[in-house]
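Note: the block below is structure-v3.pdb and it holds PDB, C-alpha atoms, pLDDT in the B column.
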```pdb
MODEL        1
ATOM      1  CA  MET A   1      10.577  -1.703  13.654  1.00 56.00           C
ATOM      2  CA  ALA A   2      11.775  -4.782  11.830  1.00 56.00           C
ATOM      3  CA  ARG A   3      10.552  -7.758   9.876  1.00 65.00           C
ATOM      4  CA  ARG A   4       9.141  -9.237  13.086  1.00 68.00           C
ATOM      5  CA  ASP A   5       6.645  -6.334  13.050  1.00 75.00           C
ATOM      6  CA  LEU A   6       5.068  -7.445   9.764  1.00 86.00           C
ATOM      7  CA  THR A   7       1.342  -8.058  10.068  1.00 91.00           C
ATOM      8  CA  GLY A   8       0.843  -9.914   6.809  1.00 95.00           C
ATOM      9  CA  ALA A   9      -0.911  -6.997   5.141  1.00 97.00           C
ATOM     10  CA  VAL A  10       1.688  -7.232   2.380  1.00 98.00           C
ATOM     11  CA  ASP A  11       2.968 -10.459   0.858  1.00 97.00           C
ATOM     12  CA  PHE A  12       6.475  -9.334   0.044  1.00 96.00           C
ATOM     13  CA  SER A  13       7.150 -12.462  -1.998  1.00 95.00           C
ATOM     14  CA  VAL A  14       5.142 -10.709  -4.749  1.00 97.00           C
ATOM     15  CA  LEU A  15       7.533  -7.754  -4.638  1.00 96.00           C
ATOM     16  CA  GLU A  16      10.596  -9.976  -4.385  1.00 95.00           C
ATOM     17  CA  ALA A  17       9.484 -11.961  -7.443  1.00 96.00           C
ATOM     18  CA  ALA A  18       8.911  -8.764  -9.412  1.00 96.00           C
ATOM     19  CA  THR A  19      12.302  -7.335  -8.454  1.00 96.00           C
ATOM     20  CA  ALA A  20      14.206 -10.631  -8.706  1.00 96.00           C
ATOM     21  CA  GLY A  21      15.081 -10.217  -5.040  1.00 92.00           C
ATOM     22  CA  MET A  22      17.200  -7.135  -5.709  1.00 96.00           C
ATOM     23  CA  ASP A  23      16.993  -5.106  -2.504  1.00 95.00           C
ATOM     24  CA  ASP A  24      17.805  -1.765  -4.120  1.00 95.00           C
ATOM     25  CA  ILE A  25      14.984  -2.152  -6.622  1.00 97.00           C
ATOM     26  CA  SER A  26      12.616  -3.361  -3.906  1.00 97.00           C
ATOM     27  CA  GLU A  27      13.447  -0.257  -1.900  1.00 97.00           C
ATOM     28  CA  GLU A  28      12.796   1.952  -4.907  1.00 97.00           C
ATOM     29  CA  VAL A  29       9.433   0.312  -5.618  1.00 98.00           C
ATOM     30  CA  LEU A  30       8.392   0.598  -1.975  1.00 98.00           C
ATOM     31  CA  GLY A  31       9.426   4.248  -1.952  1.00 98.00           C
ATOM     32  CA  LEU A  32       7.191   4.822  -4.967  1.00 97.00           C
ATOM     33  CA  PHE A  33       4.316   3.048  -3.204  1.00 98.00           C
ATOM     34  CA  VAL A  34       4.714   5.264  -0.132  1.00 98.00           C
ATOM     35  CA  HIS A  35       4.801   8.328  -2.373  1.00 98.00           C
ATOM     36  CA  GLN A  36       1.652   7.231  -4.223  1.00 97.00           C
ATOM     37  CA  ALA A  37      -0.066   6.652  -0.880  1.00 98.00           C
ATOM     38  CA  SER A  38       0.822  10.142   0.317  1.00 98.00           C
ATOM     39  CA  LEU A  39      -0.504  11.703  -2.887  1.00 97.00           C
ATOM     40  CA  TRP A  40      -3.759   9.771  -3.152  1.00 98.00           C
ATOM     41  CA  SER A  41      -4.782   9.023   0.448  1.00 97.00           C
ATOM     42  CA  PRO A  42      -6.178  12.549   1.079  1.00 97.00           C
ATOM     43  CA  MET A  43      -8.662  11.846  -1.712  1.00 97.00           C
ATOM     44  CA  LEU A  44     -10.064   8.703  -0.056  1.00 98.00           C
ATOM     45  CA  THR A  45     -13.271  10.397   1.036  1.00 97.00           C
ATOM     46  CA  THR A  46     -16.503  11.004  -0.823  1.00 96.00           C
ATOM     47  CA  ASP A  47     -15.967  14.717  -0.192  1.00 96.00           C
ATOM     48  CA  GLN A  48     -13.339  14.534  -2.957  1.00 96.00           C
ATOM     49  CA  ALA A  49     -14.505  14.215  -6.556  1.00 94.00           C
ATOM     50  CA  GLY A  50     -11.566  11.965  -7.494  1.00 95.00           C
ATOM     51  CA  TRP A  51     -11.986   9.342  -4.781  1.00 97.00           C
ATOM     52  CA  ARG A  52     -12.604   6.549  -7.318  1.00 97.00           C
ATOM     53  CA  ASP A  53      -9.409   7.525  -9.151  1.00 97.00           C
ATOM     54  CA  ALA A  54      -7.547   7.390  -5.838  1.00 98.00           C
ATOM     55  CA  ALA A  55      -8.929   3.942  -5.060  1.00 98.00           C
ATOM     56  CA  HIS A  56      -8.049   2.769  -8.571  1.00 98.00           C
ATOM     57  CA  THR A  57      -4.477   4.022  -8.357  1.00 98.00           C
ATOM     58  CA  LEU A  58      -3.913   2.541  -4.908  1.00 98.00           C
ATOM     59  CA  ARG A  59      -5.427  -0.732  -6.070  1.00 98.00           C
ATOM     60  CA  GLY A  60      -2.747  -1.061  -8.721  1.00 98.00           C
ATOM     61  CA  ALA A  61       0.063   0.168  -6.508  1.00 97.00           C
ATOM     62  CA  GLY A  62      -0.967  -2.150  -3.683  1.00 98.00           C
ATOM     63  CA  GLY A  63      -1.342  -5.151  -5.935  1.00 97.00           C
ATOM     64  CA  GLY A  64       2.102  -4.530  -7.365  1.00 96.00           C
ATOM     65  CA  ILE A  65       3.791  -4.926  -4.000  1.00 98.00           C
ATOM     66  CA  GLY A  66       1.612  -7.768  -2.685  1.00 98.00           C
ATOM     67  CA  ALA A  67      -0.937  -5.809  -0.643  1.00 98.00           C
ATOM     68  CA  LYS A  68      -3.782  -8.079  -1.710  1.00 98.00           C
ATOM     69  CA  ALA A  69      -6.303  -6.952   0.919  1.00 98.00           C
ATOM     70  CA  LEU A  70      -5.697  -3.312  -0.018  1.00 98.00           C
ATOM     71  CA  ALA A  71      -6.140  -4.069  -3.713  1.00 98.00           C
ATOM     72  CA  GLU A  72      -9.352  -5.985  -3.030  1.00 98.00           C
ATOM     73  CA  VAL A  73     -10.976  -3.304  -0.896  1.00 98.00           C
ATOM     74  CA  CYS A  74      -9.922  -0.643  -3.415  1.00 98.00           C
ATOM     75  CA  ALA A  75     -11.677  -2.638  -6.148  1.00 98.00           C
ATOM     76  CA  GLU A  76     -14.737  -2.817  -3.918  1.00 98.00           C
ATOM     77  CA  ALA A  77     -14.602   0.952  -3.424  1.00 98.00           C
ATOM     78  CA  GLU A  78     -14.319   1.598  -7.145  1.00 97.00           C
ATOM     79  CA  ALA A  79     -17.517  -0.385  -7.713  1.00 97.00           C
ATOM     80  CA  ALA A  80     -19.369   0.894  -4.626  1.00 97.00           C
ATOM     81  CA  ASP A  81     -22.684   2.650  -4.831  1.00 94.00           C
ATOM     82  CA  ASP A  82     -22.412   6.250  -3.652  1.00 93.00           C
ATOM     83  CA  ALA A  83     -24.675   5.468  -0.673  1.00 94.00           C
ATOM     84  CA  VAL A  84     -22.149   3.042   0.855  1.00 96.00           C
ATOM     85  CA  ALA A  85     -18.923   4.435  -0.570  1.00 97.00           C
ATOM     86  CA  GLU A  86     -17.772   6.310   2.543  1.00 97.00           C
ATOM     87  CA  GLY A  87     -17.922   3.143   4.618  1.00 97.00           C
ATOM     88  CA  VAL A  88     -15.891   1.259   2.056  1.00 98.00           C
ATOM     89  CA  LEU A  89     -13.381   4.112   1.906  1.00 98.00           C
ATOM     90  CA  VAL A  90     -12.892   3.813   5.668  1.00 98.00           C
ATOM     91  CA  ARG A  91     -11.878   0.209   5.035  1.00 98.00           C
ATOM     92  CA  VAL A  92      -9.563   1.343   2.236  1.00 98.00           C
ATOM     93  CA  ARG A  93      -7.859   3.812   4.575  1.00 98.00           C
ATOM     94  CA  ASP A  94      -7.487   1.112   7.235  1.00 98.00           C
ATOM     95  CA  ALA A  95      -6.026  -1.373   4.741  1.00 98.00           C
ATOM     96  CA  LEU A  96      -3.670   1.320   3.444  1.00 98.00           C
ATOM     97  CA  ASP A  97      -2.494   2.066   6.974  1.00 98.00           C
ATOM     98  CA  ARG A  98      -1.781  -1.630   7.590  1.00 98.00           C
ATOM     99  CA  ALA A  99       0.078  -1.927   4.284  1.00 98.00           C
ATOM    100  CA  LEU A 100       2.144   1.184   5.017  1.00 98.00           C
ATOM    101  CA  SER A 101       3.045  -0.206   8.425  1.00 96.00           C
ATOM    102  CA  ASP A 102       4.300  -3.431   6.852  1.00 97.00           C
ATOM    103  CA  VAL A 103       6.167  -1.469   4.191  1.00 97.00           C
ATOM    104  CA  ALA A 104       7.900   0.595   6.893  1.00 96.00           C
ATOM    105  CA  ALA A 105       8.960  -2.557   8.752  1.00 95.00           C
ATOM    106  CA  TYR A 106      10.215  -4.193   5.552  1.00 95.00           C
ATOM    107  CA  ARG A 107      12.110  -1.083   4.462  1.00 95.00           C
ATOM    108  CA  HIS A 108      13.699  -0.895   7.899  1.00 93.00           C
ATOM    109  CA  GLU A 109      14.849  -4.486   7.511  1.00 92.00           C
ATOM    110  CA  LEU A 110      16.283  -3.645   4.074  1.00 92.00           C
ATOM    111  CA  ALA A 111      18.157  -0.702   5.563  1.00 91.00           C
ATOM    112  CA  LEU A 112      19.636  -2.867   8.316  1.00 90.00           C
ATOM    113  CA  LYS A 113      20.592  -5.508   5.772  1.00 86.00           C
ATOM    114  CA  GLY A 114      22.341  -2.820   3.718  1.00 79.00           C
ATOM    115  CA  LEU A 115      24.349  -1.703   6.747  1.00 83.00           C
ATOM    116  CA  LYS A 116      25.550  -5.241   7.345  1.00 76.00           C
ATOM    117  CA  GLY A 117      26.819  -5.369   3.773  1.00 61.00           C
TER     118      GLY A 117
ENDMDL
END
```

Could you render the structure as structure tokens?
Amino acid sequence: MARRDLTGAVDFSVLEAATAGMDDISEEVLGLFVHQASLWSPMLTTDQAGWRDAAHTLRGAGGGIGAKALAEVCAEAEAADDAVAEGVLVRVRDALDRALSDVAAYRHELALKGLKG
């Protein structure tokens, strides 16, 4: 997995601007995003009382790294009527998966860059 595997689910220029292009800080921020995703993603179902909180948290975390589509669908989920919420949460989970895939590819590229010195 490498930068060539990026799908565009994350616009890493947002992250790079926020971290002034410092790879070690970018890696730390992406690690925090992955951790947040692992904590909150099990709650992305209407069977869980805190699903709106999960969508809200992932909206902010996604927006902070440039995962615009994830942030947008999370905002939609937060505002969704209970009758359609599960369908929107499926889209949130899909967007999260795409963002995590891009994050993994980007982090791999950072690791290779670090090895090259």

Chain and number of each residue from the PyMOL selection byres ((chain A and resi 93-110) around 9), as a ChimeraX atom specification: /A:1-10,12,23-24,26-27,30-31,33-34,37,41,44,58,62,67,69-71,73,88-92,111-115

Would you write out those residues with C-alpha atoms, as a PDB file, keeping the file's coordinate frame?
```pdb
ATOM      1  CA  MET A   1      10.577  -1.703  13.654  1.00 56.00           C
ATOM      2  CA  ALA A   2      11.775  -4.782  11.830  1.00 56.00           C
ATOM      3  CA  ARG A   3      10.552  -7.758   9.876  1.00 65.00           C
ATOM      4  CA  ARG A   4       9.141  -9.237  13.086  1.00 68.00           C
ATOM      5  CA  ASP A   5       6.645  -6.334  13.050  1.00 75.00           C
ATOM      6  CA  LEU A   6       5.068  -7.445   9.764  1.00 86.00           C
ATOM      7  CA  THR A   7       1.342  -8.058  10.068  1.00 91.00           C
ATOM      8  CA  GLY A   8       0.843  -9.914   6.809  1.00 95.00           C
ATOM      9  CA  ALA A   9      -0.911  -6.997   5.141  1.00 97.00           C
ATOM     10  CA  VAL A  10       1.688  -7.232   2.380  1.00 98.00           C
ATOM     11  CA  PHE A  12       6.475  -9.334   0.044  1.00 96.00           C
ATOM     12  CA  ASP A  23      16.993  -5.106  -2.504  1.00 95.00           C
ATOM     13  CA  ASP A  24      17.805  -1.765  -4.120  1.00 95.00           C
ATOM     14  CA  SER A  26      12.616  -3.361  -3.906  1.00 97.00           C
ATOM     15  CA  GLU A  27      13.447  -0.257  -1.900  1.00 97.00           C
ATOM     16  CA  LEU A  30       8.392   0.598  -1.975  1.00 98.00           C
ATOM     17  CA  GLY A  31       9.426   4.248  -1.952  1.00 98.00           C
ATOM     18  CA  PHE A  33       4.316   3.048  -3.204  1.00 98.00           C
ATOM     19  CA  VAL A  34       4.714   5.264  -0.132  1.00 98.00           C
ATOM     20  CA  ALA A  37      -0.066   6.652  -0.880  1.00 98.00           C
ATOM     21  CA  SER A  41      -4.782   9.023   0.448  1.00 97.00           C
ATOM     22  CA  LEU A  44     -10.064   8.703  -0.056  1.00 98.00           C
ATOM     23  CA  LEU A  58      -3.913   2.541  -4.908  1.00 98.00           C
ATOM     24  CA  GLY A  62      -0.967  -2.150  -3.683  1.00 98.00           C
ATOM     25  CA  ALA A  67      -0.937  -5.809  -0.643  1.00 98.00           C
ATOM     26  CA  ALA A  69      -6.303  -6.952   0.919  1.00 98.00           C
ATOM     27  CA  LEU A  70      -5.697  -3.312  -0.018  1.00 98.00           C
ATOM     28  CA  ALA A  71      -6.140  -4.069  -3.713  1.00 98.00           C
ATOM     29  CA  VAL A  73     -10.976  -3.304  -0.896  1.00 98.00           C
ATOM     30  CA  VAL A  88     -15.891   1.259   2.056  1.00 98.00           C
ATOM     31  CA  LEU A  89     -13.381   4.112   1.906  1.00 98.00           C
ATOM     32  CA  VAL A  90     -12.892   3.813   5.668  1.00 98.00           C
ATOM     33  CA  ARG A  91     -11.878   0.209   5.035  1.00 98.00           C
ATOM     34  CA  VAL A  92      -9.563   1.343   2.236  1.00 98.00           C
ATOM     35  CA  ALA A 111      18.157  -0.702   5.563  1.00 91.00           C
ATOM     36  CA  LEU A 112      19.636  -2.867   8.316  1.00 90.00           C
ATOM     37  CA  LYS A 113      20.592  -5.508   5.772  1.00 86.00           C
ATOM     38  CA  GLY A 114      22.341  -2.820   3.718  1.00 79.00           C
ATOM     39  CA  LEU A 115      24.349  -1.703   6.747  1.00 83.00           C
TER      40      LEU A 115
END
```

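If you measure from each of A:Gly64, A:Lys116, A:Asp47, A:Gly87 to Glu16 (chain A) using all atoms listed in the file, the closest one turns out to be A:Gly64.
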
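Interatomic distance, CA of Asp11 (chain A) to CA of Ala61 (chain A): 13.3 Å.
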
Env of Thr46 (chain A): 10 Å cut, atoms = all atoms listed in the file, seq-sep filter 3 positions within chain, self excluded. Answer as a tab-separated table (two decimals) with C-alpha atoms, in the coordinates of the input.
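Wrote result-v4.tsv, looks like this:
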```tsv
chain	number	residue	atom	x	y	z
A	43	MET	CA	-8.66	11.85	-1.71
A	49	ALA	CA	-14.50	14.22	-6.56
A	50	GLY	CA	-11.57	11.96	-7.49
A	51	TRP	CA	-11.99	9.34	-4.78
A	52	ARG	CA	-12.60	6.55	-7.32
A	82	ASP	CA	-22.41	6.25	-3.65
A	83	ALA	CA	-24.68	5.47	-0.67
A	84	VAL	CA	-22.15	3.04	0.86
A	85	ALA	CA	-18.92	4.43	-0.57
A	86	GLU	CA	-17.77	6.31	2.54
A	87	GLY	CA	-17.92	3.14	4.62
A	89	LEU	CA	-13.38	4.11	1.91
```

Between CA of Ala77 (chain A) and CA of Glu28 (chain A), what distance in Å does the model show, to one decimal?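 Straight-line distance from CA of Ala77 (chain A) to CA of Glu28 (chain A) works out to 27.5 Å.
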
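The shell of residues at most 7 Å from His56 (chain A), with all atoms listed in the file counted and near chain neighbours (fewer than 3 positions) removed, consists of Arg52, Asp53, Arg59, Gly60, Cys74, Ala75 and Glu78 of chain A.
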
Between CA of Val14 (chain A) and CA of Ala54 (chain A), what is the spacing in Å?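 Those two atoms sit 22.1 Å apart.
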
Could I see region 46-64 of chain A restored to N, CA and C atoms, set down as a PDB file, in the frame of the given file?
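Written output follows (out.pdb):
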```pdb
ATOM      1  N   THR A  46     -15.509  10.619   0.187  1.00 96.00           N
ATOM      2  CA  THR A  46     -16.503  11.004  -0.823  1.00 96.00           C
ATOM      3  C   THR A  46     -16.638  12.514  -0.944  1.00 96.00           C
ATOM      4  N   ASP A  47     -15.998  13.261  -0.060  1.00 96.00           N
ATOM      5  CA  ASP A  47     -15.967  14.717  -0.192  1.00 96.00           C
ATOM      6  C   ASP A  47     -15.094  15.152  -1.365  1.00 96.00           C
ATOM      7  N   GLN A  48     -14.252  14.250  -1.847  1.00 96.00           N
ATOM      8  CA  GLN A  48     -13.339  14.534  -2.957  1.00 96.00           C
ATOM      9  C   GLN A  48     -13.882  13.906  -4.243  1.00 96.00           C
ATOM     10  N   ALA A  49     -13.947  14.697  -5.290  1.00 94.00           N
ATOM     11  CA  ALA A  49     -14.505  14.215  -6.556  1.00 94.00           C
ATOM     12  C   ALA A  49     -13.704  13.051  -7.142  1.00 94.00           C
ATOM     13  N   GLY A  50     -12.416  12.988  -6.891  1.00 95.00           N
ATOM     14  CA  GLY A  50     -11.566  11.965  -7.494  1.00 95.00           C
ATOM     15  C   GLY A  50     -11.334  10.745  -6.626  1.00 95.00           C
ATOM     16  N   TRP A  51     -12.233  10.462  -5.697  1.00 97.00           N
ATOM     17  CA  TRP A  51     -11.986   9.342  -4.781  1.00 97.00           C
ATOM     18  C   TRP A  51     -11.917   8.006  -5.505  1.00 97.00           C
ATOM     19  N   ARG A  52     -12.685   7.819  -6.563  1.00 97.00           N
ATOM     20  CA  ARG A  52     -12.604   6.549  -7.318  1.00 97.00           C
ATOM     21  C   ARG A  52     -11.251   6.430  -8.021  1.00 97.00           C
ATOM     22  N   ASP A  53     -10.735   7.539  -8.534  1.00 97.00           N
ATOM     23  CA  ASP A  53      -9.409   7.525  -9.151  1.00 97.00           C
ATOM     24  C   ASP A  53      -8.342   7.166  -8.121  1.00 97.00           C
ATOM     25  N   ALA A  54      -8.495   7.701  -6.913  1.00 98.00           N
ATOM     26  CA  ALA A  54      -7.547   7.390  -5.838  1.00 98.00           C
ATOM     27  C   ALA A  54      -7.592   5.909  -5.502  1.00 98.00           C
ATOM     28  N   ALA A  55      -8.789   5.368  -5.365  1.00 98.00           N
ATOM     29  CA  ALA A  55      -8.929   3.942  -5.060  1.00 98.00           C
ATOM     30  C   ALA A  55      -8.342   3.097  -6.183  1.00 98.00           C
ATOM     31  N   HIS A  56      -8.580   3.505  -7.421  1.00 98.00           N
ATOM     32  CA  HIS A  56      -8.049   2.769  -8.571  1.00 98.00           C
ATOM     33  C   HIS A  56      -6.521   2.763  -8.572  1.00 98.00           C
ATOM     34  N   THR A  57      -5.941   3.915  -8.351  1.00 98.00           N
ATOM     35  CA  THR A  57      -4.477   4.022  -8.357  1.00 98.00           C
ATOM     36  C   THR A  57      -3.868   3.205  -7.230  1.00 98.00           C
ATOM     37  N   LEU A  58      -4.446   3.286  -6.047  1.00 98.00           N
ATOM     38  CA  LEU A  58      -3.913   2.541  -4.908  1.00 98.00           C
ATOM     39  C   LEU A  58      -4.155   1.041  -5.061  1.00 98.00           C
ATOM     40  N   ARG A  59      -5.191   0.691  -5.772  1.00 98.00           N
ATOM     41  CA  ARG A  59      -5.427  -0.732  -6.070  1.00 98.00           C
ATOM     42  C   ARG A  59      -4.260  -1.298  -6.869  1.00 98.00           C
ATOM     43  N   GLY A  60      -3.859  -0.593  -7.904  1.00 98.00           N
ATOM     44  CA  GLY A  60      -2.747  -1.061  -8.721  1.00 98.00           C
ATOM     45  C   GLY A  60      -1.421  -1.031  -7.981  1.00 98.00           C
ATOM     46  N   ALA A  61      -1.195   0.043  -7.260  1.00 97.00           N
ATOM     47  CA  ALA A  61       0.063   0.168  -6.508  1.00 97.00           C
ATOM     48  C   ALA A  61       0.149  -0.896  -5.424  1.00 97.00           C
ATOM     49  N   GLY A  62      -0.957  -1.137  -4.731  1.00 98.00           N
ATOM     50  CA  GLY A  62      -0.967  -2.150  -3.683  1.00 98.00           C
ATOM     51  C   GLY A  62      -0.779  -3.550  -4.242  1.00 98.00           C
ATOM     52  N   GLY A  63      -1.476  -3.831  -5.316  1.00 97.00           N
ATOM     53  CA  GLY A  63      -1.342  -5.151  -5.935  1.00 97.00           C
ATOM     54  C   GLY A  63       0.075  -5.426  -6.398  1.00 97.00           C
ATOM     55  N   GLY A  64       0.745  -4.382  -6.859  1.00 96.00           N
ATOM     56  CA  GLY A  64       2.102  -4.530  -7.365  1.00 96.00           C
ATOM     57  C   GLY A  64       3.132  -4.903  -6.312  1.00 96.00           C
TER      58      GLY A  64
END
```
